[in-house]
Amino acid sequence: MNSQANSQDLLSAGLSMGTVMLKVGDMNTMTAYYQQALGLDPVAEGLGGVYLGRGATPLVHLAPAAGLQLPSRGEAGLFHTAFLFQDRQALAATIATAARYDARLFAGSADHLVSEAFYFTDPEGNGIELYFDKPRGSWEWTTAAGGRREVHMDNRALPPQLYLQEHLTEEALAGQRRAGAAVGHVHLQVGDTETAEQFYVRVLGFERTAGWHGQAIFVAAGGYHHHMAMNVWNSRGAGPRKDTLGLAEVLIRVPAEDEVGALA
């Protein structure tokens with residue numbers, strides 16, 4: 001069965017990822033991490049928690065949920081929130097502050113061919129990716145079964161110390177909070193990739209842009225490498241999500257109100 005959406009049903013090329021909401025047990029610890037390690041500032045706050053971002057753009061919403069438990073490793077939920085930086089210097093500045101804040105929370109790095117990525121875990125176990133996109137003209141696309149275009153991604157070595165030596169500057173550190181950043185994509189862990197593909201492609205209208213040996217799928221709008229991904233590396237067979245700490249909401253922005261009505 002072809003799970004690709006019909007062309008008229010595809011999400012707009014102007015789609016972007018919005019704020020990611022996390023349910024938080026320890027607001028002080030988590031707020032300190034996102035402010036001091038990732039260089040985000042409060043954009044708004046109130047009884048519903050705090051929105052943190054760059055400039056006037058909220059990237060993360062931390063919502064107090066002290067009565068909830070941490071999810072187990074194998075449950076469906078968040079794999080990571082990926083923050084996209086405008087240049088390598090801005091990315092290097094945030095890698096440096098995150099590593100200095102607590103080097104134990106560093107989880108790895110990779111050259112994905114389309115991007116350069118560095119991985120961390122926040123104090124409550126939520127995955128974080130900090131990344132920079134290589135120019136779109138350098139991305140390699142191939143034609144898969146059924147005529148679908150797929151982008152070529154990989155996991156190649158990207159030594160963090162060498163990256164910092166090449167790209168970290170005092171100017172970037174001093175201007176860290178003025179440098180733009182966005183939620184570039186959100187990666188979920190799910191129980192079954194085929195079910196996820198049916199929903200995100202057939203129902204919502206993303207295009208599938210890549211797969212990984214039946215273990216992960218990547219979907220996007222407008223020819224991006226991926227706005228969302230879903231994998232079963234830790235969570236194969238997981239059932240419906242429980243009410244736990246961690247991911248609460250993923251906001252997807254479309255350019256026109258008509259598109260919201262069409263999706264509904």
# chains A, B, ... in the order shown; residues from 1 in each chain; ligands from 1
$ closest_atom_pairs --of "stretch 18-84 of chain A" --to "stretch 235-256 of chain A" --cutoff "6 Å" --atoms "only C-alpha atoms" --output "tab-separated table"
residue	atom	partner	partner_atom	distance
A:Gly18	CA	A:Leu251	CA	4.7
A:Thr19	CA	A:Leu251	CA	5.5
A:Val20	CA	A:Val250	CA	4.9
A:Met21	CA	A:Glu249	CA	4.9
A:Leu22	CA	A:Leu247	CA	4.7
A:Lys23	CA	A:Leu245	CA	4.9
A:Val24	CA	A:Leu245	CA	5.8
A:Leu68	CA	A:Thr244	CA	5.3
A:Gln69	CA	A:Thr244	CA	5.3
A:Leu70	CA	A:Leu245	CA	5.1
A:Pro71	CA	A:Thr244	CA	5.6
A:Gly74	CA	A:Ser235	CA	4.3
A:Glu75	CA	A:Ser235	CA	5.6
A:Ala76	CA	A:Arg241	CA	5.7
A:Leu78	CA	A:Leu247	CA	5.7
$ residues_around --residues "stretch 215-229 of chain A" --least-positions-apart "2" --cutoff "6 Å" --atoms "only C-alpha atoms" --output "ChimeraX atom specification"
/A:11,13,185-187,206-213,231-232
$ select_by_dssp --residues "stretch 100-209 of chain A" --states "strand (DSSP E or B)" --output "CSV table (one decimal) with N, CA, C and O atoms, in the first residue's frame"
chain,number,residue,atom,x,y,z
A,106,PHE,N,26.2,15.6,27.9
A,106,PHE,CA,26.5,15.5,26.5
A,106,PHE,C,26.3,14.0,26.0
A,106,PHE,O,26.7,13.1,26.7
A,107,ALA,N,25.6,13.8,24.9
A,107,ALA,CA,25.2,12.4,24.5
A,107,ALA,C,25.8,12.0,23.1
A,107,ALA,O,25.6,10.9,22.7
A,108,GLY,N,26.5,12.9,22.4
A,108,GLY,CA,27.1,12.5,21.2
A,108,GLY,C,27.0,13.5,20.1
A,108,GLY,O,26.4,14.6,20.3
A,109,SER,N,27.6,13.2,18.9
A,109,SER,CA,27.6,14.2,17.8
A,109,SER,C,27.6,13.4,16.5
A,109,SER,O,28.1,12.2,16.5
A,110,ALA,N,27.2,14.0,15.4
A,110,ALA,CA,27.3,13.3,14.1
A,110,ALA,C,27.2,14.3,13.0
A,110,ALA,O,26.4,15.3,13.1
A,111,ASP,N,27.9,14.0,11.9
A,111,ASP,CA,27.7,14.7,10.6
A,111,ASP,C,26.6,13.8,9.9
A,111,ASP,O,26.9,12.7,9.5
A,115,SER,N,23.3,18.0,7.7
A,115,SER,CA,23.4,18.8,8.9
A,115,SER,C,24.6,18.3,9.8
A,115,SER,O,25.1,17.2,9.7
A,116,GLU,N,24.9,19.2,10.8
A,116,GLU,CA,25.9,18.9,11.8
A,116,GLU,C,25.2,19.0,13.1
A,116,GLU,O,24.7,20.0,13.5
A,117,ALA,N,25.2,17.9,13.9
A,117,ALA,CA,24.4,17.8,15.1
A,117,ALA,C,25.1,17.3,16.3
A,117,ALA,O,26.1,16.5,16.3
A,118,PHE,N,24.7,17.9,17.4
A,118,PHE,CA,25.3,17.6,18.8
A,118,PHE,C,24.2,17.3,19.7
A,118,PHE,O,23.2,18.1,19.7
A,119,TYR,N,24.3,16.3,20.5
A,119,TYR,CA,23.2,15.8,21.3
A,119,TYR,C,23.5,15.9,22.8
A,119,TYR,O,24.6,15.6,23.3
A,120,PHE,N,22.4,16.3,23.5
A,120,PHE,CA,22.5,16.4,25.0
A,120,PHE,C,21.2,15.9,25.6
A,120,PHE,O,20.2,15.6,24.9
A,121,THR,N,21.2,15.7,26.9
A,121,THR,CA,20.0,15.3,27.6
A,121,THR,C,19.7,16.3,28.7
A,121,THR,O,20.7,16.7,29.4
A,127,GLY,N,15.6,14.4,25.5
A,127,GLY,CA,16.6,14.6,24.5
A,127,GLY,C,16.6,15.9,23.8
A,127,GLY,O,15.6,16.5,23.6
A,128,ILE,N,17.8,16.4,23.5
A,128,ILE,CA,18.0,17.7,22.8
A,128,ILE,C,19.1,17.5,21.7
A,128,ILE,O,20.1,16.9,21.9
A,129,GLU,N,18.8,18.1,20.6
A,129,GLU,CA,19.7,18.2,19.5
A,129,GLU,C,20.0,19.6,19.2
A,129,GLU,O,19.0,20.4,19.1
A,130,LEU,N,21.2,20.0,19.0
A,130,LEU,CA,21.7,21.3,18.6
A,130,LEU,C,22.3,21.1,17.2
A,130,LEU,O,23.2,20.3,17.1
A,131,TYR,N,21.8,21.8,16.2
A,131,TYR,CA,22.3,21.5,14.9
A,131,TYR,C,22.4,22.8,13.9
A,131,TYR,O,21.7,23.8,14.2
A,132,PHE,N,23.1,22.6,12.9
A,132,PHE,CA,23.3,23.6,11.8
A,132,PHE,C,23.0,22.8,10.5
A,132,PHE,O,23.5,21.7,10.3
A,133,ASP,N,22.2,23.4,9.6
A,133,ASP,CA,21.9,22.9,8.3
A,133,ASP,C,23.0,23.2,7.3
A,133,ASP,O,23.4,24.4,7.2
A,141,TRP,N,19.6,13.8,-3.1
A,141,TRP,CA,18.3,13.2,-3.2
A,141,TRP,C,18.4,12.1,-4.2
A,141,TRP,O,19.0,12.2,-5.3
A,142,THR,N,17.7,11.0,-3.9
A,142,THR,CA,17.6,9.8,-4.8
A,142,THR,C,16.1,9.5,-5.0
A,142,THR,O,15.3,10.0,-4.3
A,143,THR,N,15.8,8.7,-6.0
A,143,THR,CA,14.5,8.3,-6.3
A,143,THR,C,14.3,6.9,-5.7
A,143,THR,O,15.0,5.9,-6.1
A,149,ARG,N,11.0,10.7,-3.7
A,149,ARG,CA,12.3,11.3,-3.5
A,149,ARG,C,12.8,11.1,-2.1
A,149,ARG,O,12.0,11.4,-1.1
A,150,GLU,N,14.0,10.6,-1.8
A,150,GLU,CA,14.5,10.5,-0.5
A,150,GLU,C,15.8,11.2,-0.4
A,150,GLU,O,16.7,11.1,-1.3
A,151,VAL,N,16.0,11.8,0.8
A,151,VAL,CA,17.3,12.5,1.0
A,151,VAL,C,18.3,11.6,1.6
A,151,VAL,O,17.9,10.7,2.5
A,156,ARG,N,28.1,10.2,10.4
A,156,ARG,CA,29.6,10.2,10.3
A,156,ARG,C,30.2,11.0,11.5
A,156,ARG,O,29.5,11.8,12.1
A,181,ALA,N,17.6,31.4,16.8
A,181,ALA,CA,17.4,29.9,16.8
A,181,ALA,C,16.0,29.5,16.6
A,181,ALA,O,15.1,30.4,16.8
A,182,ALA,N,15.7,28.3,16.2
A,182,ALA,CA,14.4,27.8,16.0
A,182,ALA,C,14.3,26.4,16.3
A,182,ALA,O,15.3,25.7,16.4
A,183,VAL,N,13.1,25.9,16.5
A,183,VAL,CA,12.8,24.4,16.6
A,183,VAL,C,12.9,24.0,15.2
A,183,VAL,O,11.9,24.2,14.4
A,184,GLY,N,13.9,23.3,14.8
A,184,GLY,CA,14.0,22.8,13.4
A,184,GLY,C,13.3,21.5,13.1
A,184,GLY,O,12.7,21.4,12.0
A,185,HIS,N,13.3,20.6,14.1
A,185,HIS,CA,12.5,19.4,13.9
A,185,HIS,C,12.3,18.8,15.3
A,185,HIS,O,12.9,19.1,16.3
A,186,VAL,N,11.3,17.8,15.4
A,186,VAL,CA,11.0,17.1,16.6
A,186,VAL,C,11.1,15.6,16.2
A,186,VAL,O,10.5,15.2,15.3
A,187,HIS,N,11.8,14.9,17.0
A,187,HIS,CA,12.0,13.4,16.8
A,187,HIS,C,11.3,12.7,17.9
A,187,HIS,O,11.5,12.9,19.1
A,188,LEU,N,10.4,11.8,17.6
A,188,LEU,CA,9.6,11.0,18.5
A,188,LEU,C,10.0,9.6,18.6
A,188,LEU,O,10.6,9.0,17.6
A,189,GLN,N,9.8,8.9,19.7
A,189,GLN,CA,10.0,7.4,19.8
A,189,GLN,C,8.6,6.9,19.9
A,189,GLN,O,7.7,7.3,20.6
A,207,GLU,N,5.4,14.7,3.6
A,207,GLU,CA,6.1,13.8,2.7
A,207,GLU,C,7.1,13.0,3.4
A,207,GLU,O,7.9,13.5,4.2
A,208,ARG,N,7.2,11.7,3.1
A,208,ARG,CA,8.2,10.9,3.7
A,208,ARG,C,9.5,11.2,2.9
A,208,ARG,O,9.5,11.2,1.7
A,209,THR,N,10.6,11.5,3.6
A,209,THR,CA,11.8,11.9,3.0
A,209,THR,C,12.9,10.9,3.2
A,209,THR,O,13.9,11.0,2.5
$ closest_residue --among "A:Leu113, A:Ala66, A:Leu263, A:Leu173" --to "A:Leu38" --atoms "only C-alpha atoms"
A:Leu173
$ select_by_dssp --residues "stretch 35-231 of chain A" --states "helix (DSSP H, G or I)" --output "number ranges by chain"
A: 35-37, 88-101, 103-105, 136-138, 145-147, 160-167, 170-174, 176-178, 193-203
$ atom_distance --atom1 "atom CA of A:Ala90" --atom2 "atom CA of A:His152"
25.3 Å
$ residues_around --residues "stretch 162-167 of chain A" --least-positions-apart "5" --cutoff "10 Å" --atoms "only C-alpha atoms" --output "PyMOL selection string"
chain A and resi 87-93+95-96+116+172
$ decode --residues "stretch 152-197 of chain A" --atoms "N, CA and C atoms" --output "CSV table (one decimal), in the first residue's frame"
chain,number,residue,atom,x,y,z
A,152,HIS,N,19.5,11.7,1.3
A,152,HIS,CA,20.6,10.8,1.8
A,152,HIS,C,21.1,11.4,3.1
A,153,MET,N,20.9,10.7,4.2
A,153,MET,CA,21.5,11.1,5.5
A,153,MET,C,22.4,10.0,6.0
A,154,ASP,N,23.3,10.3,6.9
A,154,ASP,CA,24.2,9.3,7.5
A,154,ASP,C,24.6,9.7,8.8
A,155,ASN,N,25.3,8.9,9.5
A,155,ASN,CA,25.9,9.2,10.8
A,155,ASN,C,27.4,9.1,10.7
A,156,ARG,N,28.1,10.2,10.4
A,156,ARG,CA,29.6,10.2,10.3
A,156,ARG,C,30.2,11.0,11.5
A,157,ALA,N,31.4,10.6,11.7
A,157,ALA,CA,32.1,11.2,12.9
A,157,ALA,C,32.2,12.7,12.8
A,158,LEU,N,31.9,13.4,13.9
A,158,LEU,CA,32.0,14.8,14.1
A,158,LEU,C,32.6,15.1,15.4
A,159,PRO,N,33.9,15.2,15.6
A,159,PRO,CA,34.6,15.4,16.9
A,159,PRO,C,34.2,16.7,17.5
A,160,PRO,N,33.6,16.7,18.7
A,160,PRO,CA,33.2,18.0,19.2
A,160,PRO,C,34.3,19.0,19.6
A,161,GLN,N,35.4,18.5,20.1
A,161,GLN,CA,36.5,19.4,20.4
A,161,GLN,C,37.1,20.1,19.2
A,162,LEU,N,37.2,19.3,18.1
A,162,LEU,CA,37.7,19.9,16.9
A,162,LEU,C,36.7,20.9,16.3
A,163,TYR,N,35.4,20.6,16.4
A,163,TYR,CA,34.4,21.5,16.0
A,163,TYR,C,34.5,22.9,16.7
A,164,LEU,N,34.7,22.8,18.0
A,164,LEU,CA,34.8,24.0,18.8
A,164,LEU,C,36.0,24.8,18.5
A,165,GLN,N,37.1,24.1,18.3
A,165,GLN,CA,38.4,24.8,17.9
A,165,GLN,C,38.2,25.5,16.6
A,166,GLU,N,37.4,25.0,15.7
A,166,GLU,CA,37.3,25.6,14.3
A,166,GLU,C,36.3,26.7,14.3
A,167,HIS,N,35.2,26.6,15.2
A,167,HIS,CA,34.1,27.5,15.0
A,167,HIS,C,33.7,28.4,16.2
A,168,LEU,N,34.2,28.1,17.4
A,168,LEU,CA,33.9,28.9,18.6
A,168,LEU,C,34.7,30.2,18.6
A,169,THR,N,34.0,31.3,18.8
A,169,THR,CA,34.7,32.6,18.9
A,169,THR,C,34.2,33.3,20.1
A,170,GLU,N,35.0,34.2,20.6
A,170,GLU,CA,34.5,35.1,21.7
A,170,GLU,C,33.3,35.9,21.4
A,171,GLU,N,33.3,36.4,20.1
A,171,GLU,CA,32.2,37.2,19.6
A,171,GLU,C,30.9,36.4,19.7
A,172,ALA,N,31.0,35.1,19.2
A,172,ALA,CA,29.7,34.3,19.3
A,172,ALA,C,29.3,34.0,20.7
A,173,LEU,N,30.2,33.8,21.6
A,173,LEU,CA,29.8,33.6,23.0
A,173,LEU,C,29.2,34.8,23.6
A,174,ALA,N,29.8,36.0,23.3
A,174,ALA,CA,29.2,37.2,23.8
A,174,ALA,C,27.8,37.6,23.2
A,175,GLY,N,27.6,37.2,22.0
A,175,GLY,CA,26.3,37.5,21.4
A,175,GLY,C,25.4,36.3,21.3
A,176,GLN,N,25.6,35.3,22.1
A,176,GLN,CA,24.8,34.0,22.1
A,176,GLN,C,23.3,34.3,22.1
A,177,ARG,N,22.9,35.1,23.1
A,177,ARG,CA,21.4,35.2,23.3
A,177,ARG,C,20.8,36.1,22.2
A,178,ARG,N,21.6,36.8,21.4
A,178,ARG,CA,21.1,37.6,20.3
A,178,ARG,C,21.0,36.8,19.0
A,179,ALA,N,21.7,35.7,19.0
A,179,ALA,CA,21.7,34.9,17.8
A,179,ALA,C,20.4,34.1,17.6
A,180,GLY,N,19.8,34.1,16.4
A,180,GLY,CA,18.6,33.5,16.2
A,180,GLY,C,18.6,31.9,16.3
A,181,ALA,N,17.6,31.4,16.8
A,181,ALA,CA,17.4,29.9,16.8
A,181,ALA,C,16.0,29.5,16.6
A,182,ALA,N,15.7,28.3,16.2
A,182,ALA,CA,14.4,27.8,16.0
A,182,ALA,C,14.3,26.4,16.3
A,183,VAL,N,13.1,25.9,16.5
A,183,VAL,CA,12.8,24.4,16.6
A,183,VAL,C,12.9,24.0,15.2
A,184,GLY,N,13.9,23.3,14.8
A,184,GLY,CA,14.0,22.8,13.4
A,184,GLY,C,13.3,21.5,13.1
A,185,HIS,N,13.3,20.6,14.1
A,185,HIS,CA,12.5,19.4,13.9
A,185,HIS,C,12.3,18.8,15.3
A,186,VAL,N,11.3,17.8,15.4
A,186,VAL,CA,11.0,17.1,16.6
A,186,VAL,C,11.1,15.6,16.2
A,187,HIS,N,11.8,14.9,17.0
A,187,HIS,CA,12.0,13.4,16.8
A,187,HIS,C,11.3,12.7,17.9
A,188,LEU,N,10.4,11.8,17.6
A,188,LEU,CA,9.6,11.0,18.5
A,188,LEU,C,10.0,9.6,18.6
A,189,GLN,N,9.8,8.9,19.7
A,189,GLN,CA,10.0,7.4,19.8
A,189,GLN,C,8.6,6.9,19.9
A,190,VAL,N,8.3,5.9,19.0
A,190,VAL,CA,6.9,5.3,18.8
A,190,VAL,C,7.0,3.8,18.9
A,191,GLY,N,5.8,3.2,18.9
A,191,GLY,CA,5.7,1.8,19.0
A,191,GLY,C,5.8,1.1,17.6
A,192,ASP,N,5.5,1.8,16.5
A,192,ASP,CA,5.4,1.2,15.2
A,192,ASP,C,5.6,2.2,14.2
A,193,THR,N,6.6,2.1,13.3
A,193,THR,CA,6.8,3.2,12.3
A,193,THR,C,5.8,3.2,11.2
A,194,GLU,N,5.2,2.0,10.9
A,194,GLU,CA,4.2,2.0,9.8
A,194,GLU,C,2.9,2.7,10.3
A,195,THR,N,2.5,2.5,11.5
A,195,THR,CA,1.4,3.3,12.0
A,195,THR,C,1.7,4.8,12.0
A,196,ALA,N,2.9,5.1,12.5
A,196,ALA,CA,3.3,6.6,12.5
A,196,ALA,C,3.3,7.1,11.1
A,197,GLU,N,3.8,6.4,10.1
A,197,GLU,CA,3.8,6.9,8.7
A,197,GLU,C,2.3,7.1,8.2
